[in-house]
>>> print(open('protein.txt').read())   # compact mmCIF, N, CA and C atoms
# COMPACT_ATOMS: atom_id res chain seq x y z
N MET F 169 59.83 -52.47 -45.87
CA MET F 169 60.23 -51.08 -45.96
C MET F 169 59.37 -50.28 -44.99
N THR F 170 59.98 -49.32 -44.29
CA THR F 170 59.27 -48.47 -43.35
C THR F 170 59.06 -47.12 -43.98
N LEU F 171 57.81 -46.66 -43.93
CA LEU F 171 57.51 -45.34 -44.45
C LEU F 171 57.75 -44.29 -43.39
N VAL F 172 58.36 -43.22 -43.77
CA VAL F 172 58.62 -42.11 -42.86
C VAL F 172 57.93 -40.89 -43.43
N GLN F 173 57.07 -40.29 -42.64
CA GLN F 173 56.39 -39.10 -43.10
C GLN F 173 57.20 -37.88 -42.68
N MET F 174 57.56 -37.07 -43.63
CA MET F 174 58.37 -35.89 -43.38
C MET F 174 57.46 -34.67 -43.31
N GLN F 175 57.74 -33.80 -42.37
CA GLN F 175 57.03 -32.54 -42.25
C GLN F 175 57.87 -31.47 -42.92
N PRO F 176 57.27 -30.66 -43.80
CA PRO F 176 58.06 -29.59 -44.41
C PRO F 176 58.49 -28.58 -43.35
N ARG F 177 59.69 -28.10 -43.46
CA ARG F 177 60.21 -27.14 -42.50
C ARG F 177 59.95 -25.74 -43.01
N SER F 178 59.31 -24.96 -42.21
CA SER F 178 58.98 -23.60 -42.58
C SER F 178 60.22 -22.72 -42.48
N ALA F 179 60.40 -21.86 -43.45
CA ALA F 179 61.54 -20.94 -43.42
C ALA F 179 61.36 -19.91 -42.32
N ASN F 180 60.12 -19.70 -41.88
CA ASN F 180 59.83 -18.72 -40.85
C ASN F 180 59.75 -19.34 -39.45
N ALA F 181 60.11 -20.62 -39.33
CA ALA F 181 60.00 -21.29 -38.04
C ALA F 181 60.93 -20.63 -37.02
N THR F 182 60.41 -20.40 -35.83
CA THR F 182 61.19 -19.81 -34.76
C THR F 182 61.99 -20.90 -34.06
N PRO F 183 63.30 -20.71 -33.89
CA PRO F 183 64.08 -21.75 -33.19
C PRO F 183 63.63 -21.85 -31.74
N VAL F 184 63.68 -23.05 -31.22
CA VAL F 184 63.28 -23.27 -29.84
C VAL F 184 64.42 -22.80 -28.94
N HIS F 185 64.10 -21.94 -27.99
CA HIS F 185 65.10 -21.44 -27.04
C HIS F 185 64.96 -22.22 -25.75
N ARG F 186 65.98 -23.00 -25.43
CA ARG F 186 65.96 -23.75 -24.17
C ARG F 186 66.14 -22.78 -23.02
N THR F 187 65.48 -23.11 -21.94
CA THR F 187 65.59 -22.30 -20.73
C THR F 187 66.29 -23.10 -19.64
N ALA F 188 66.59 -22.42 -18.55
CA ALA F 188 67.22 -23.09 -17.41
C ALA F 188 66.32 -24.20 -16.88
N ALA F 189 65.01 -23.99 -16.94
CA ALA F 189 64.07 -25.02 -16.48
C ALA F 189 64.21 -26.30 -17.30
N ASP F 190 64.53 -26.17 -18.58
CA ASP F 190 64.69 -27.33 -19.45
C ASP F 190 65.96 -28.13 -19.14
N ALA F 191 66.97 -27.46 -18.60
CA ALA F 191 68.28 -28.08 -18.44
C ALA F 191 68.69 -28.34 -17.00
N MET F 192 67.90 -27.92 -16.04
CA MET F 192 68.33 -28.06 -14.64
C MET F 192 68.18 -29.48 -14.13
N ASP F 193 68.98 -29.79 -13.14
CA ASP F 193 68.91 -31.06 -12.43
C ASP F 193 68.00 -30.86 -11.23
N THR F 194 66.86 -31.52 -11.22
CA THR F 194 65.90 -31.35 -10.12
C THR F 194 66.15 -32.34 -8.99
N GLY F 195 67.17 -33.18 -9.13
CA GLY F 195 67.44 -34.20 -8.13
C GLY F 195 68.41 -33.78 -7.04
N ALA F 196 68.81 -32.52 -7.04
CA ALA F 196 69.76 -32.07 -6.01
C ALA F 196 69.10 -32.07 -4.64
N PRO F 197 69.73 -32.69 -3.66
CA PRO F 197 69.15 -32.71 -2.31
C PRO F 197 69.08 -31.31 -1.72
N GLN F 198 67.97 -31.05 -1.02
CA GLN F 198 67.79 -29.78 -0.32
C GLN F 198 67.83 -30.06 1.17
N VAL F 199 68.60 -29.23 1.87
CA VAL F 199 68.75 -29.40 3.31
C VAL F 199 68.53 -28.06 3.99
N CYS F 200 68.24 -28.10 5.27
CA CYS F 200 68.02 -26.88 6.05
C CYS F 200 69.37 -26.35 6.54
N ASP F 201 69.45 -25.04 6.69
CA ASP F 201 70.72 -24.41 7.07
C ASP F 201 71.12 -24.67 8.52
N ASP F 202 70.27 -25.34 9.30
CA ASP F 202 70.67 -25.67 10.67
C ASP F 202 71.36 -27.05 10.76
N MET F 203 71.56 -27.69 9.63
CA MET F 203 72.23 -28.98 9.58
C MET F 203 73.72 -28.79 9.87
N THR F 204 74.32 -29.74 10.58
CA THR F 204 75.75 -29.66 10.85
C THR F 204 76.55 -30.08 9.61
N ILE F 205 77.81 -29.72 9.60
CA ILE F 205 78.70 -30.03 8.48
C ILE F 205 78.81 -31.54 8.30
N GLU F 206 78.99 -32.27 9.40
CA GLU F 206 79.13 -33.73 9.32
C GLU F 206 77.89 -34.38 8.72
N VAL F 207 76.72 -33.95 9.16
CA VAL F 207 75.48 -34.53 8.63
C VAL F 207 75.33 -34.17 7.15
N ALA F 208 75.67 -32.93 6.79
CA ALA F 208 75.59 -32.51 5.38
C ALA F 208 76.52 -33.36 4.51
N LEU F 209 77.72 -33.61 4.98
CA LEU F 209 78.64 -34.47 4.23
C LEU F 209 78.09 -35.89 4.10
N SER F 210 77.45 -36.39 5.14
CA SER F 210 76.83 -37.73 5.07
C SER F 210 75.69 -37.76 4.06
N VAL F 211 74.90 -36.70 4.04
CA VAL F 211 73.80 -36.61 3.05
C VAL F 211 74.38 -36.63 1.64
N MET F 212 75.44 -35.87 1.42
CA MET F 212 76.09 -35.86 0.10
C MET F 212 76.59 -37.23 -0.29
N ASP F 213 77.24 -37.89 0.65
CA ASP F 213 77.76 -39.23 0.37
C ASP F 213 76.64 -40.20 0.01
N SER F 214 75.58 -40.20 0.80
CA SER F 214 74.49 -41.15 0.53
C SER F 214 73.73 -40.80 -0.74
N ALA F 215 73.67 -39.52 -1.09
CA ALA F 215 72.99 -39.11 -2.32
C ALA F 215 73.91 -39.18 -3.53
N ARG F 216 75.19 -39.45 -3.27
CA ARG F 216 76.20 -39.53 -4.33
C ARG F 216 76.19 -38.26 -5.19
N THR F 217 76.29 -37.14 -4.50
CA THR F 217 76.31 -35.85 -5.18
C THR F 217 77.44 -35.00 -4.61
N GLY F 218 77.83 -34.00 -5.34
CA GLY F 218 78.90 -33.12 -4.89
C GLY F 218 78.43 -31.79 -4.37
N HIS F 219 77.09 -31.62 -4.29
CA HIS F 219 76.56 -30.35 -3.79
C HIS F 219 75.19 -30.53 -3.15
N LEU F 220 74.84 -29.56 -2.32
CA LEU F 220 73.53 -29.52 -1.67
C LEU F 220 72.94 -28.13 -1.82
N LEU F 221 71.63 -28.06 -2.01
CA LEU F 221 70.92 -26.79 -1.95
C LEU F 221 70.58 -26.54 -0.49
N VAL F 222 70.95 -25.38 0.01
CA VAL F 222 70.70 -25.04 1.41
C VAL F 222 69.53 -24.08 1.47
N CYS F 223 68.54 -24.41 2.32
CA CYS F 223 67.34 -23.58 2.47
C CYS F 223 67.22 -23.12 3.92
N ASP F 224 66.56 -21.97 4.09
CA ASP F 224 66.33 -21.47 5.45
C ASP F 224 65.07 -22.11 6.03
N ASN F 225 64.67 -21.69 7.22
CA ASN F 225 63.50 -22.28 7.88
C ASN F 225 62.20 -22.02 7.14
N ASP F 226 62.18 -21.02 6.24
CA ASP F 226 61.00 -20.73 5.45
C ASP F 226 60.99 -21.49 4.13
N GLY F 227 62.01 -22.31 3.90
CA GLY F 227 62.09 -23.09 2.68
C GLY F 227 62.66 -22.33 1.49
N LEU F 228 63.24 -21.16 1.75
CA LEU F 228 63.82 -20.36 0.67
C LEU F 228 65.29 -20.73 0.49
N CYS F 229 65.69 -20.86 -0.74
CA CYS F 229 67.07 -21.23 -1.05
C CYS F 229 68.01 -20.10 -0.65
N THR F 230 69.04 -20.43 0.10
CA THR F 230 70.00 -19.43 0.53
C THR F 230 71.36 -19.62 -0.11
N GLN F 231 71.68 -20.85 -0.53
CA GLN F 231 73.03 -21.12 -1.01
C GLN F 231 73.11 -22.51 -1.62
N LEU F 232 74.15 -22.73 -2.35
CA LEU F 232 74.53 -24.06 -2.80
C LEU F 232 75.91 -24.30 -2.22
N VAL F 233 76.10 -25.42 -1.53
CA VAL F 233 77.41 -25.75 -0.98
C VAL F 233 77.94 -27.00 -1.65
N THR F 234 79.24 -27.05 -1.77
CA THR F 234 79.88 -28.19 -2.40
C THR F 234 80.59 -29.04 -1.36
N GLN F 235 80.90 -30.25 -1.75
CA GLN F 235 81.62 -31.16 -0.87
C GLN F 235 83.00 -30.59 -0.54
N ALA F 236 83.63 -29.95 -1.51
CA ALA F 236 84.95 -29.36 -1.28
C ALA F 236 84.87 -28.24 -0.24
N GLN F 237 83.83 -27.40 -0.31
CA GLN F 237 83.67 -26.33 0.68
C GLN F 237 83.51 -26.90 2.08
N LEU F 238 82.65 -27.92 2.20
CA LEU F 238 82.40 -28.49 3.52
C LEU F 238 83.63 -29.22 4.06
N ALA F 239 84.34 -29.89 3.20
CA ALA F 239 85.56 -30.59 3.63
C ALA F 239 86.60 -29.59 4.12
N ALA F 240 86.71 -28.45 3.45
CA ALA F 240 87.67 -27.42 3.87
C ALA F 240 87.32 -26.88 5.25
N VAL F 241 86.02 -26.69 5.50
CA VAL F 241 85.60 -26.21 6.83
C VAL F 241 85.89 -27.28 7.88
N ARG F 242 85.55 -28.52 7.57
CA ARG F 242 85.78 -29.62 8.52
C ARG F 242 87.25 -29.79 8.85
N ASP F 243 88.10 -29.54 7.88
CA ASP F 243 89.54 -29.73 8.08
C ASP F 243 90.24 -28.51 8.69
N SER F 244 89.49 -27.43 8.92
CA SER F 244 90.10 -26.23 9.49
C SER F 244 90.30 -26.38 11.00
N SER F 245 91.18 -25.58 11.54
CA SER F 245 91.48 -25.66 12.98
C SER F 245 90.34 -25.13 13.84
N ALA F 246 89.46 -24.30 13.29
CA ALA F 246 88.36 -23.72 14.05
C ALA F 246 87.11 -24.62 14.06
N TYR F 247 87.18 -25.76 13.40
CA TYR F 247 86.00 -26.62 13.27
C TYR F 247 85.65 -27.32 14.58
N THR F 248 84.34 -27.37 14.86
CA THR F 248 83.80 -28.22 15.91
C THR F 248 82.61 -28.97 15.32
N ASP F 249 82.17 -30.01 15.99
CA ASP F 249 81.05 -30.80 15.46
C ASP F 249 79.70 -30.08 15.59
N ARG F 250 79.70 -28.88 16.13
CA ARG F 250 78.47 -28.10 16.26
C ARG F 250 78.31 -27.05 15.16
N VAL F 251 79.29 -26.94 14.28
CA VAL F 251 79.21 -25.95 13.20
C VAL F 251 78.07 -26.34 12.26
N GLN F 252 77.19 -25.37 12.02
CA GLN F 252 76.04 -25.59 11.13
C GLN F 252 76.31 -24.93 9.78
N LEU F 253 75.54 -25.33 8.78
CA LEU F 253 75.69 -24.75 7.46
C LEU F 253 75.51 -23.24 7.49
N ARG F 254 74.55 -22.75 8.27
CA ARG F 254 74.32 -21.30 8.32
C ARG F 254 75.52 -20.55 8.88
N ASP F 255 76.38 -21.24 9.65
CA ASP F 255 77.56 -20.61 10.22
C ASP F 255 78.66 -20.36 9.18
N ILE F 256 78.63 -21.10 8.09
CA ILE F 256 79.70 -20.98 7.10
C ILE F 256 79.26 -20.27 5.83
N LEU F 257 77.98 -20.02 5.69
CA LEU F 257 77.49 -19.41 4.46
C LEU F 257 77.81 -17.93 4.43
N GLY F 258 78.30 -17.49 3.29
CA GLY F 258 78.58 -16.07 3.10
C GLY F 258 77.40 -15.41 2.41
N ASP F 259 77.71 -14.50 1.53
CA ASP F 259 76.67 -13.83 0.76
C ASP F 259 75.95 -14.83 -0.12
N ARG F 260 74.69 -14.52 -0.38
CA ARG F 260 73.93 -15.38 -1.28
C ARG F 260 74.57 -15.35 -2.65
N ARG F 261 74.80 -16.52 -3.18
CA ARG F 261 75.36 -16.63 -4.53
C ARG F 261 74.30 -16.24 -5.54
N PRO F 262 74.72 -15.90 -6.74
CA PRO F 262 73.74 -15.60 -7.78
C PRO F 262 72.88 -16.83 -8.07
N PHE F 263 71.61 -16.58 -8.27
CA PHE F 263 70.67 -17.63 -8.62
C PHE F 263 70.24 -17.44 -10.07
N THR F 264 69.66 -18.49 -10.63
CA THR F 264 69.17 -18.45 -12.00
C THR F 264 67.66 -18.63 -11.97
N SER F 265 66.98 -17.88 -12.80
CA SER F 265 65.53 -18.01 -12.95
C SER F 265 65.24 -19.16 -13.91
N PRO F 266 64.14 -19.88 -13.70
CA PRO F 266 63.83 -20.98 -14.62
C PRO F 266 63.50 -20.51 -16.03
N VAL F 267 63.16 -19.24 -16.21
CA VAL F 267 62.82 -18.74 -17.55
C VAL F 267 64.01 -18.12 -18.27
N THR F 268 65.18 -18.08 -17.62
CA THR F 268 66.38 -17.57 -18.25
C THR F 268 66.76 -18.49 -19.40
N THR F 269 67.11 -17.92 -20.54
CA THR F 269 67.53 -18.76 -21.66
C THR F 269 68.86 -19.41 -21.32
N MET F 270 69.11 -20.56 -21.90
CA MET F 270 70.37 -21.26 -21.64
C MET F 270 71.56 -20.43 -22.11
N ALA F 271 71.41 -19.71 -23.20
CA ALA F 271 72.51 -18.88 -23.68
C ALA F 271 72.88 -17.82 -22.63
N ALA F 272 71.87 -17.17 -22.07
CA ALA F 272 72.12 -16.14 -21.05
C ALA F 272 72.67 -16.78 -19.77
N ALA F 273 72.13 -17.93 -19.38
CA ALA F 273 72.60 -18.60 -18.16
C ALA F 273 74.04 -19.05 -18.31
N GLU F 274 74.39 -19.63 -19.44
CA GLU F 274 75.76 -20.08 -19.67
C GLU F 274 76.72 -18.90 -19.68
N HIS F 275 76.32 -17.80 -20.29
CA HIS F 275 77.17 -16.61 -20.31
C HIS F 275 77.41 -16.11 -18.89
N ALA F 276 76.35 -16.00 -18.10
CA ALA F 276 76.48 -15.53 -16.71
C ALA F 276 77.35 -16.47 -15.89
N MET F 277 77.20 -17.77 -16.10
CA MET F 277 77.99 -18.74 -15.34
C MET F 277 79.48 -18.61 -15.68
N ARG F 278 79.78 -18.42 -16.94
CA ARG F 278 81.20 -18.28 -17.34
C ARG F 278 81.78 -16.98 -16.82
N CYS F 279 81.01 -15.89 -16.93
CA CYS F 279 81.51 -14.59 -16.45
C CYS F 279 81.73 -14.58 -14.95
N ARG F 280 80.85 -15.24 -14.20
CA ARG F 280 80.95 -15.27 -12.74
C ARG F 280 81.74 -16.45 -12.22
N ARG F 281 82.20 -17.30 -13.15
CA ARG F 281 82.95 -18.52 -12.80
C ARG F 281 82.18 -19.40 -11.83
N LEU F 282 80.93 -19.66 -12.19
CA LEU F 282 80.07 -20.53 -11.39
C LEU F 282 79.96 -21.88 -12.06
N ASP F 283 80.05 -22.93 -11.28
CA ASP F 283 79.88 -24.27 -11.84
C ASP F 283 78.43 -24.71 -11.85
N ALA F 284 77.68 -24.34 -10.82
CA ALA F 284 76.32 -24.85 -10.69
C ALA F 284 75.46 -23.91 -9.84
N PRO F 285 74.86 -22.90 -10.45
CA PRO F 285 74.00 -22.02 -9.64
C PRO F 285 72.64 -22.66 -9.39
N PRO F 286 72.05 -22.38 -8.23
CA PRO F 286 70.69 -22.87 -7.98
C PRO F 286 69.69 -22.18 -8.91
N VAL F 287 68.67 -22.91 -9.30
CA VAL F 287 67.55 -22.35 -10.06
C VAL F 287 66.41 -22.17 -9.07
N VAL F 288 65.92 -20.93 -8.93
CA VAL F 288 64.87 -20.64 -7.95
C VAL F 288 63.69 -19.97 -8.63
N ASP F 289 62.51 -20.16 -8.04
CA ASP F 289 61.31 -19.50 -8.57
C ASP F 289 61.22 -18.07 -8.05
N GLU F 290 60.12 -17.39 -8.40
CA GLU F 290 59.95 -15.99 -8.03
C GLU F 290 59.93 -15.77 -6.52
N GLN F 291 59.52 -16.77 -5.76
CA GLN F 291 59.46 -16.66 -4.30
C GLN F 291 60.79 -17.01 -3.63
N GLY F 292 61.74 -17.56 -4.38
CA GLY F 292 63.02 -17.93 -3.81
C GLY F 292 63.14 -19.39 -3.44
N SER F 293 62.15 -20.19 -3.80
CA SER F 293 62.21 -21.63 -3.51
C SER F 293 63.07 -22.33 -4.55
N ALA F 294 63.91 -23.24 -4.09
CA ALA F 294 64.81 -23.96 -4.98
C ALA F 294 64.04 -24.92 -5.86
N LEU F 295 64.36 -24.90 -7.15
CA LEU F 295 63.76 -25.81 -8.11
C LEU F 295 64.75 -26.87 -8.60
N GLY F 296 66.03 -26.51 -8.58
CA GLY F 296 67.06 -27.42 -9.06
C GLY F 296 68.39 -26.72 -9.16
N VAL F 297 69.29 -27.35 -9.88
CA VAL F 297 70.65 -26.83 -10.06
C VAL F 297 70.97 -26.87 -11.53
N LEU F 298 71.60 -25.81 -12.02
CA LEU F 298 72.00 -25.74 -13.42
C LEU F 298 73.50 -25.95 -13.51
N ALA F 299 73.94 -26.89 -14.29
CA ALA F 299 75.37 -27.16 -14.43
C ALA F 299 75.76 -27.06 -15.89
N LEU F 300 76.94 -26.50 -16.13
CA LEU F 300 77.44 -26.42 -17.50
C LEU F 300 77.84 -27.81 -17.98
N ALA F 301 77.50 -28.09 -19.21
CA ALA F 301 77.87 -29.37 -19.79
C ALA F 301 79.31 -29.30 -20.26
N GLY F 302 80.09 -30.28 -19.83
CA GLY F 302 81.49 -30.38 -20.25
C GLY F 302 82.23 -29.21 -19.89
>>> encode(input="protein.txt", output="C-alpha cells")
Amino acid sequence: MTLVQMQPRSANATPVHRTAADAMDTGAPQVCDDMTIEVALSVMDSARTGHLLVCDNDGLCTQLVTQAQLAAVRDSSAYTDRVQLRDILGDRRPFTSPVTTMAAAEHAMRCRRLDAPPVVDEQGSALGVLALAG
C-alpha cells in the first residue's frame, strides 16, 4: 500500500493566474528583417513551423509572419527573389506582454482575431509566441 499525504486546502487560497510567459512557445525561430522570402520559407521548412518572429537590426521584434503570408507574396506577380521580409511587413501587429494573464491574452486574441501574437519584453525583444489552444 502506498501512503499519500494530503495537504488541507485553504478556503482563502488564491487561485494561480497563468500568464503569457507560462503558456508561450519559446521555440519559435527568430530571423532578421533583411532575410529574403525564399530563405525565410526554407527556415520555416527546416524548423517545421508555420511562423517566424521577425526582428530588426537592433534585435527588436517587429512582426510575426506565417508561411501562408510568405507563400502569397512569393506567388504574386510582383515577386522577385530580392524581396526581403522588411519589404512586406505592414504595421506592427499587437504584441503580448509576458505578465499579461492568460484570460486577458485570450480575450484580446479573440477580439483581434489573432492566432499567435509575439510575446515581447519591456524593451521589445521577442521572448516567444502565444497560441490559442484548440
>>> atom_distance(input="protein.txt", atom1="atom CA of F:Val211", atom2="atom CA of F:Pro197")
8.1 Å
>>> atom_distance(input="protein.txt", atom1="atom N of F:Gln291", atom2="atom N of F:Leu209")
27.0 Å
>>> residues_around(input="protein.txt", residues="stretch 269-283 of chain F", least_positions_apart="5", cutoff="6.5 Å", atoms="only N, CA and C atoms", output="ChimeraX atom specification")
/F:185-188,298-300
>>> atom_distance(input="protein.txt", atom1="atom C of F:Thr268", atom2="atom N of F:Gly195")
17.9 Å
>>> select_by_dssp(input="protein.txt", residues="chain F", states="strand (DSSP E or B)", output="number ranges by chain")
F: 187, 193, 198-200, 204, 219-223, 229-234, 252, 264, 269, 286-288, 294-297
>>> closest_residue(input="protein.txt", among="F:Leu220, F:Ala239, F:Met212, F:Met203", to="F:Asp255", atoms="only C-alpha atoms")
F:Met203
>>> closest_atom_pairs(input="protein.txt", of="stretch 254-296 of chain F", to="stretch 228-232 of chain F", cutoff="10 Å", atoms="only C-alpha atoms", output="CSV")
residue,atom,partner,partner_atom,distance
F:Arg254,CA,F:Thr230,CA,9.1
F:Leu257,CA,F:Gln231,CA,7.3
F:Gly258,CA,F:Gln231,CA,8.6
F:Asp259,CA,F:Gln231,CA,8.3
F:Arg260,CA,F:Gln231,CA,5.8
F:Arg261,CA,F:Gln231,CA,6.2
F:Pro262,CA,F:Gln231,CA,8.8
F:Phe263,CA,F:Gln231,CA,8.7
F:Ala284,CA,F:Leu232,CA,8.1
F:Pro285,CA,F:Leu232,CA,7.2
F:Pro286,CA,F:Leu232,CA,6.6
F:Val287,CA,F:Cys229,CA,9.1
F:Val288,CA,F:Cys229,CA,7.3
F:Asp289,CA,F:Leu228,CA,9.6
F:Gln291,CA,F:Leu228,CA,7.6
F:Gly292,CA,F:Leu228,CA,5.2
F:Ser293,CA,F:Leu228,CA,4.7
F:Ala294,CA,F:Cys229,CA,5.3
F:Leu295,CA,F:Cys229,CA,9.0
>>> select_by_dssp(input="protein.txt", residues="chain F", states="helix (DSSP H, G or I)", output="PyMOL selection string")
chain F and resi 188-191+205-215+235-242+253-256+270-280
>>> closest_residue(input="protein.txt", among="F:Asp249, F:Val267, F:Ile256, F:Thr234", to="F:Glu206", atoms="all atoms listed in the file")
F:Asp249
>>> closest_residue(input="protein.txt", among="F:Arg250, F:Arg242, F:Gly296, F:Ser265", to="F:Leu221", atoms="only N, CA and C atoms")
F:Gly296
>>> decode(input="protein.txt", residues="stretch 266-286 of chain F", atoms="N, CA, C and O atoms", output="PDB file, in the first residue's frame")
ATOM      1  N   PRO F 266       4.714  39.416 -21.297  1.00  0.00           N
ATOM      2  CA  PRO F 266       4.806  38.136 -20.588  1.00  0.00           C
ATOM      3  C   PRO F 266       4.026  38.122 -19.272  1.00  0.00           C
ATOM      4  O   PRO F 266       3.705  37.054 -18.764  1.00  0.00           O
ATOM      5  N   VAL F 267       3.692  39.277 -18.729  1.00  0.00           N
ATOM      6  CA  VAL F 267       2.959  39.324 -17.460  1.00  0.00           C
ATOM      7  C   VAL F 267       1.449  39.420 -17.649  1.00  0.00           C
ATOM      8  O   VAL F 267       0.696  39.418 -16.685  1.00  0.00           O
ATOM      9  N   THR F 268       0.988  39.480 -18.902  1.00  0.00           N
ATOM     10  CA  THR F 268      -0.440  39.500 -19.184  1.00  0.00           C
ATOM     11  C   THR F 268      -1.047  38.175 -18.747  1.00  0.00           C
ATOM     12  O   THR F 268      -0.488  37.113 -19.016  1.00  0.00           O
ATOM     13  N   THR F 269      -2.190  38.234 -18.073  1.00  0.00           N
ATOM     14  CA  THR F 269      -2.835  36.982 -17.676  1.00  0.00           C
ATOM     15  C   THR F 269      -3.345  36.271 -18.919  1.00  0.00           C
ATOM     16  O   THR F 269      -3.656  36.903 -19.937  1.00  0.00           O
ATOM     17  N   MET F 270      -3.440  34.964 -18.835  1.00  0.00           N
ATOM     18  CA  MET F 270      -3.932  34.191 -19.979  1.00  0.00           C
ATOM     19  C   MET F 270      -5.365  34.569 -20.319  1.00  0.00           C
ATOM     20  O   MET F 270      -5.730  34.618 -21.489  1.00  0.00           O
ATOM     21  N   ALA F 271      -6.173  34.869 -19.321  1.00  0.00           N
ATOM     22  CA  ALA F 271      -7.554  35.258 -19.597  1.00  0.00           C
ATOM     23  C   ALA F 271      -7.582  36.533 -20.446  1.00  0.00           C
ATOM     24  O   ALA F 271      -8.313  36.615 -21.433  1.00  0.00           O
ATOM     25  N   ALA F 272      -6.777  37.515 -20.071  1.00  0.00           N
ATOM     26  CA  ALA F 272      -6.730  38.775 -20.823  1.00  0.00           C
ATOM     27  C   ALA F 272      -6.127  38.552 -22.211  1.00  0.00           C
ATOM     28  O   ALA F 272      -6.612  39.113 -23.200  1.00  0.00           O
ATOM     29  N   ALA F 273      -5.085  37.735 -22.304  1.00  0.00           N
ATOM     30  CA  ALA F 273      -4.447  37.470 -23.599  1.00  0.00           C
ATOM     31  C   ALA F 273      -5.401  36.746 -24.535  1.00  0.00           C
ATOM     32  O   ALA F 273      -5.510  37.088 -25.716  1.00  0.00           O
ATOM     33  N   GLU F 274      -6.105  35.744 -24.035  1.00  0.00           N
ATOM     34  CA  GLU F 274      -7.054  35.008 -24.869  1.00  0.00           C
ATOM     35  C   GLU F 274      -8.185  35.908 -25.333  1.00  0.00           C
ATOM     36  O   GLU F 274      -8.613  35.835 -26.486  1.00  0.00           O
ATOM     37  N   HIS F 275      -8.669  36.766 -24.457  1.00  0.00           N
ATOM     38  CA  HIS F 275      -9.730  37.699 -24.836  1.00  0.00           C
ATOM     39  C   HIS F 275      -9.247  38.628 -25.954  1.00  0.00           C
ATOM     40  O   HIS F 275      -9.943  38.823 -26.957  1.00  0.00           O
ATOM     41  N   ALA F 276      -8.059  39.197 -25.793  1.00  0.00           N
ATOM     42  CA  ALA F 276      -7.504  40.103 -26.812  1.00  0.00           C
ATOM     43  C   ALA F 276      -7.289  39.373 -28.134  1.00  0.00           C
ATOM     44  O   ALA F 276      -7.575  39.926 -29.207  1.00  0.00           O
ATOM     45  N   MET F 277      -6.822  38.135 -28.076  1.00  0.00           N
ATOM     46  CA  MET F 277      -6.585  37.372 -29.301  1.00  0.00           C
ATOM     47  C   MET F 277      -7.894  37.107 -30.042  1.00  0.00           C
ATOM     48  O   MET F 277      -7.948  37.213 -31.265  1.00  0.00           O
ATOM     49  N   ARG F 278      -8.929  36.771 -29.304  1.00  0.00           N
ATOM     50  CA  ARG F 278     -10.227  36.507 -29.953  1.00  0.00           C
ATOM     51  C   ARG F 278     -10.822  37.783 -30.534  1.00  0.00           C
ATOM     52  O   ARG F 278     -11.347  37.777 -31.645  1.00  0.00           O
ATOM     53  N   CYS F 279     -10.738  38.876 -29.766  1.00  0.00           N
ATOM     54  CA  CYS F 279     -11.297  40.154 -30.253  1.00  0.00           C
ATOM     55  C   CYS F 279     -10.567  40.651 -31.488  1.00  0.00           C
ATOM     56  O   CYS F 279     -11.179  41.204 -32.399  1.00  0.00           O
ATOM     57  N   ARG F 280      -9.248  40.473 -31.535  1.00  0.00           N
ATOM     58  CA  ARG F 280      -8.449  40.958 -32.664  1.00  0.00           C
ATOM     59  C   ARG F 280      -8.268  39.910 -33.745  1.00  0.00           C
ATOM     60  O   ARG F 280      -7.583  40.143 -34.736  1.00  0.00           O
ATOM     61  N   ARG F 281      -8.823  38.722 -33.512  1.00  0.00           N
ATOM     62  CA  ARG F 281      -8.705  37.598 -34.451  1.00  0.00           C
ATOM     63  C   ARG F 281      -7.254  37.266 -34.763  1.00  0.00           C
ATOM     64  O   ARG F 281      -6.842  37.138 -35.920  1.00  0.00           O
ATOM     65  N   LEU F 282      -6.477  37.134 -33.698  1.00  0.00           N
ATOM     66  CA  LEU F 282      -5.062  36.775 -33.824  1.00  0.00           C
ATOM     67  C   LEU F 282      -4.883  35.314 -33.466  1.00  0.00           C
ATOM     68  O   LEU F 282      -5.451  34.837 -32.483  1.00  0.00           O
ATOM     69  N   ASP F 283      -4.091  34.616 -34.243  1.00  0.00           N
ATOM     70  CA  ASP F 283      -3.806  33.218 -33.932  1.00  0.00           C
ATOM     71  C   ASP F 283      -2.616  33.072 -33.004  1.00  0.00           C
ATOM     72  O   ASP F 283      -2.597  32.198 -32.153  1.00  0.00           O
ATOM     73  N   ALA F 284      -1.602  33.915 -33.191  1.00  0.00           N
ATOM     74  CA  ALA F 284      -0.362  33.743 -32.435  1.00  0.00           C
ATOM     75  C   ALA F 284       0.403  35.064 -32.336  1.00  0.00           C
ATOM     76  O   ALA F 284       1.272  35.322 -33.158  1.00  0.00           O
ATOM     77  N   PRO F 285       0.099  35.881 -31.339  1.00  0.00           N
ATOM     78  CA  PRO F 285       0.864  37.130 -31.209  1.00  0.00           C
ATOM     79  C   PRO F 285       2.225  36.874 -30.568  1.00  0.00           C
ATOM     80  O   PRO F 285       2.358  35.989 -29.718  1.00  0.00           O
ATOM     81  N   PRO F 286       3.233  37.649 -30.961  1.00  0.00           N
ATOM     82  CA  PRO F 286       4.533  37.540 -30.297  1.00  0.00           C
ATOM     83  C   PRO F 286       4.434  38.018 -28.848  1.00  0.00           C
ATOM     84  O   PRO F 286       3.661  38.922 -28.534  1.00  0.00           O
TER      85      PRO F 286
END
